[in-house]
Structures are given as C-alpha cells and as structure tokens.
Amino acid sequence: MHRYRQITYRFENSTEIIKCIPAAYRKGQERGERVRPKSKEEMKKANMQQAARKLARKINANFSPGDYHLIVTYKRAPDKQTAHQNLKNFLKSLRKAYKKARGELKYIAMTEYKGKRVHHHLVINNIQMEGRTVPGTIRSLWKLHGGIQLISLYDSGEYSELASYLIKETEETFREEDSPFKQRYSCSRNLITPEPKVEDKEVKHTWRKTPKPPPGYYIKPDSLYNGFDKMGYRNQRYILIKLNPDGEDWGENWTYEEYWPD
C-alpha cells in the first residue's frame with residue numbers, strides 16, 4: 001500500500017491539486033535524488049514562484065471573468081511617497097463610488113517603478129452602476145494624474161499567468177530599503193483567503209505521473225509538475241480548469257478516487 005497527502009484548493013472555475021509524502025508516510029517509499037541546496041538565483045526564482053502561486057489562489061478565489069486588471073499611469077512621474085499616497089487616495093475614492101452604487105470594492109494593488117516609469121497594477125471587481133460604468137468612474141477619478149488601461153480578466157477563470165506576471169513586474173520595487181511599498185501587494189479586507197482541503201490517502205498504487213482530468217475539466221498546460229522534495233520523496237502539482245466556466249461544478253462530495261481510481 002502507498003500513503004500520501006493531497007492538498008486541494010477549489011475555486012469556482014478551477015482546482016489546484018498538490019500531492020506529497022509527509023514524514024509519517026516515508027518508511028518504505030521509493031526515493032529519488034535529493035534536491036541540492038539552491039543558489040541565490042535559484043532561491044529567488046523559487047520564492048517568486050511560491051509568491052505567484054499564493055497570489056493566484058487569492059485572485060482565483062475572489063475575482064472572475066468580467067472583472068478587471070487595471071493599470072494606471074502618470075503624465076509626470078511622481079516620487080515614490082507621492083505615488084503611494086496617490087494610490088491610497090484613489091482607492092478611497094473608488095471605494096466611495098462603489099458604496100454609492102450599492103456595491104463593495106474588492107481589490108489587489110501593487111506598484112512598479114524600479115527601472116521604469118512609476119505605475120500601479122490593480123485587480124478589481126466589476127459592478128453595475130446607474131448612469132456610469134466602472135471604467136468611466138475610474139477615468140474620472142484618475143484623469144488628473146494620467147491614463148488608465150483596463151483589461152478584462154480572461155474567460156477561463158484561472159489566473160496563475162496573471163499572478164506570475166504581476167509578481168515578476170513588481171519583484172524589485174518592494175525590496176528597496178526606502179520603498180513605501182513594504183509588501184508585494186496590498187488587498188482590500190473583504191477578500192476571501194482560500195483554505196485548502198487536506199486529505200491523507202492510502203491506495204494500492206502511487207499516483208499517476210499523468211493524471212486524468214474529470215469530465216468537464218482539462219489540465220492547464222505547463223501546470224503539471226512531477227518532482228522530488230529536498231529529502232528525495234516524490235511530489236506532484238497541477239491545475240484543473242473547467243471546459244465550460246458556466247457549467248455545473250462537481251458536488252461537495254466529489255472525491256479524487258471517483259475519477260482517478262488508484
């Protein structure tokens with residue numbers, strides 16, 4: 001028998017699955033080559049990948065197709081402190097506009113200025129407004145500073161690529177000692193923090209290197225990872241995406257074995 005741990009993050013349109021072998025289950029398990037200590041550059045890359053996965057989960061849990069990736073730019077680049085205050089003032093005004101429209105603003109915000117003209121990236125929710133659209137409201141609130149670019153979140157409802165882009169774009173900015181942006185990004189307090197479902201499994205055979213997606217889902221290209229941890233034990237990670245984001249998801253009682261009998 002083989003025992004392993006499965007960690008599952010379920011979202012409206014996608015599911016992230018991680019499999020590993022915890023210490024309690026390692027006796028008698030086949031081992032591969034241990035992962036050697038990483039170089040400084042490799043550690044930086046690994047940390048960025050981990051940050052991107054964490055951000056992707058937050059976006060997937062709180063935003064959906066029809067919401068926006070917003071980029072706001074400046075006619076004349078301000079200093080870092082002024083840019084920080086401008087962003088705070090903009091979010092305060094946008095929150096008031098949403099509240100007036102009987103909505104609630106949800107956002108993730110970050111700033112980039114290292115090696116480039118200062119600008120802000122935001123992920124925000126879209127709402128219905130009477131007499132004015134969300135894009136029109138944003139333009140009116142930011143027009144004194146500069147321009148905006150609004151990009152609708154893509155239809156798949158899975159945003160790991162966007163998260164990776166945002167982490168890469170802002171990696172250097174928040175690390176500067178005098179940066180007013182002490183975190184990679186800031187979030188509104190009303191965002192859901194995704195919690196995983198953790199299951200310990202005992203099966204006849206270990207997991208497949210190429211898992212089979214359940215009906216109505218596909219495995220996101222390039223998301224499947226099969227490797228070894230620092231002790232040489234296997235782990236696996238991949239993302240499932242709905243073929244039809246408007247279709248019905250599996251029920252709460254869905255289990256892994258129903259679609260991938262071990």
# chains A, B, ... in the order shown; residues from 1 in each chain; ligands from 1
>>> residues_around(residues="Ile59 (chain A)", least_positions_apart="2", cutoff="8 Å", atoms="only C-alpha atoms", output="PyMOL selection string")
chain A and resi 55-57+61-63+123+159+163
>>> write_last_selection(atoms="C-alpha atoms", output="PDB file, in the first residue's frame")
ATOM      1  CA  LEU A  55      -1.356  35.397  -5.341  1.00  0.00           C
ATOM      2  CA  ALA A  56      -3.060  33.218  -7.984  1.00  0.00           C
ATOM      3  CA  ARG A  57      -5.097  31.495  -5.276  1.00  0.00           C
ATOM      4  CA  ALA A  61     -10.946  32.881  -5.014  1.00  0.00           C
ATOM      5  CA  ASN A  62     -12.152  36.483  -5.332  1.00  0.00           C
ATOM      6  CA  PHE A  63     -12.327  37.514  -8.999  1.00  0.00           C
ATOM      7  CA  VAL A 123      -7.129  43.651  -9.881  1.00  0.00           C
ATOM      8  CA  TYR A 159      -5.344  33.485 -13.231  1.00  0.00           C
ATOM      9  CA  ALA A 163      -0.262  36.356 -10.925  1.00  0.00           C
TER      10      ALA A 163
END
>>> residues_around(residues="Ala24 (chain A)", least_positions_apart="2", cutoff="10 Å", atoms="only C-alpha atoms", output="list in words")
Arg3, Tyr4, Ile21, Pro22, Arg26 and Lys27 of chain A
>>> residues_around(residues="Lys92 (chain A)", least_positions_apart="3", cutoff="12 Å", atoms="only C-alpha atoms", output="mmCIF file with N, CA and C atoms, in the first residue's frame")
data_model
loop_
_atom_site.group_PDB
_atom_site.id
_atom_site.type_symbol
_atom_site.label_atom_id
_atom_site.label_comp_id
_atom_site.auth_asym_id
_atom_site.auth_seq_id
_atom_site.Cartn_x
_atom_site.Cartn_y
_atom_site.Cartn_z
ATOM 1 N N GLN A 85 0.807 57.715 -1.876
ATOM 2 C CA GLN A 85 -0.355 58.456 -1.385
ATOM 3 C C GLN A 85 -1.430 58.572 -2.459
ATOM 4 N N ASN A 86 -1.005 58.758 -3.715
ATOM 5 C CA ASN A 86 -1.975 58.827 -4.813
ATOM 6 C C ASN A 86 -2.799 57.547 -4.911
ATOM 7 N N LEU A 87 -2.134 56.419 -4.758
ATOM 8 C CA LEU A 87 -2.841 55.143 -4.825
ATOM 9 C C LEU A 87 -3.829 55.012 -3.677
ATOM 10 N N LYS A 88 -3.425 55.390 -2.471
ATOM 11 C CA LYS A 88 -4.316 55.324 -1.314
ATOM 12 C C LYS A 88 -5.538 56.212 -1.533
ATOM 13 N N ASN A 89 -5.325 57.433 -2.037
ATOM 14 C CA ASN A 89 -6.437 58.360 -2.269
ATOM 15 C C ASN A 89 -7.376 57.831 -3.351
ATOM 16 N N ARG A 95 -13.653 53.328 -3.565
ATOM 17 C CA ARG A 95 -14.481 52.613 -2.573
ATOM 18 C C ARG A 95 -15.781 53.381 -2.312
ATOM 19 N N LYS A 96 -15.698 54.697 -2.214
ATOM 20 C CA LYS A 96 -16.888 55.527 -2.012
ATOM 21 C C LYS A 96 -17.832 55.433 -3.208
ATOM 22 N N ALA A 97 -17.266 55.429 -4.411
ATOM 23 C CA ALA A 97 -18.096 55.332 -5.616
ATOM 24 C C ALA A 97 -18.821 53.987 -5.676
ATOM 25 N N TYR A 98 -18.140 52.919 -5.304
ATOM 26 C CA TYR A 98 -18.776 51.605 -5.270
ATOM 27 C C TYR A 98 -19.891 51.573 -4.220
ATOM 28 N N LYS A 99 -19.608 52.150 -3.071
ATOM 29 C CA LYS A 99 -20.605 52.150 -1.998
ATOM 30 C C LYS A 99 -21.838 52.949 -2.403
ATOM 31 N N GLU A 104 -19.565 46.824 -3.342
ATOM 32 C CA GLU A 104 -18.419 46.774 -2.439
ATOM 33 C C GLU A 104 -17.158 46.534 -3.257
ATOM 34 N N LEU A 105 -16.195 47.416 -3.112
ATOM 35 C CA LEU A 105 -14.953 47.320 -3.864
ATOM 36 C C LEU A 105 -14.084 46.184 -3.318
ATOM 37 N N LYS A 106 -13.596 45.346 -4.224
ATOM 38 C CA LYS A 106 -12.590 44.348 -3.899
ATOM 39 C C LYS A 106 -11.365 44.640 -4.767
ATOM 40 N N TYR A 107 -10.197 44.605 -4.179
ATOM 41 C CA TYR A 107 -9.009 44.921 -4.968
ATOM 42 C C TYR A 107 -7.760 44.230 -4.437
ATOM 43 N N ILE A 138 -13.509 55.156 -13.083
ATOM 44 C CA ILE A 138 -12.052 55.119 -12.869
ATOM 45 C C ILE A 138 -11.371 56.247 -13.637
ATOM 46 N N LEU A 141 -11.761 59.543 -11.875
ATOM 47 C CA LEU A 141 -11.013 59.645 -10.625
ATOM 48 C C LEU A 141 -9.507 59.769 -10.848
ATOM 49 N N SER A 188 -7.818 44.569 -0.312
ATOM 50 C CA SER A 188 -8.955 45.010 0.486
ATOM 51 C C SER A 188 -9.256 43.950 1.537
#
>>> select_by_dssp(residues="region 20-240 of chain A", states="alpha helix (DSSP H)", output="count of residues only")
63
>>> closest_residue(among="A:Asp79, A:Asp222, A:Glu169, A:Glu199", to="Ala52 (chain A)", atoms="only C-alpha atoms")
A:Glu169
>>> residues_around(residues="Ile17 (chain A)", least_positions_apart="2", cutoff="12 Å", atoms="only C-alpha atoms", output="number ranges by chain")
A: 5-11, 14-15, 19-20, 53, 57, 196-199, 211, 213, 219-220, 223-225, 235-241, 256
>>> atom_distance(atom1="CA of Asn125 (chain A)", atom2="CA of Tyr68 (chain A)")
6.3 Å
>>> select_by_dssp(residues="region 50-135 of chain A", states="strand (DSSP E or B)", output="count of residues only")
19
>>> closest_residue(among="A:Ser93, A:Asn244, A:Thr193, A:Asn60", to="Glu16 (chain A)", atoms="only C-alpha atoms")
A:Asn60
>>> residues_around(residues="Met110 (chain A)", least_positions_apart="4", cutoff="7 Å", atoms="only C-alpha atoms", output="JSON, numbers by chain")
{"A": [120, 121, 122, 184, 185, 186]}
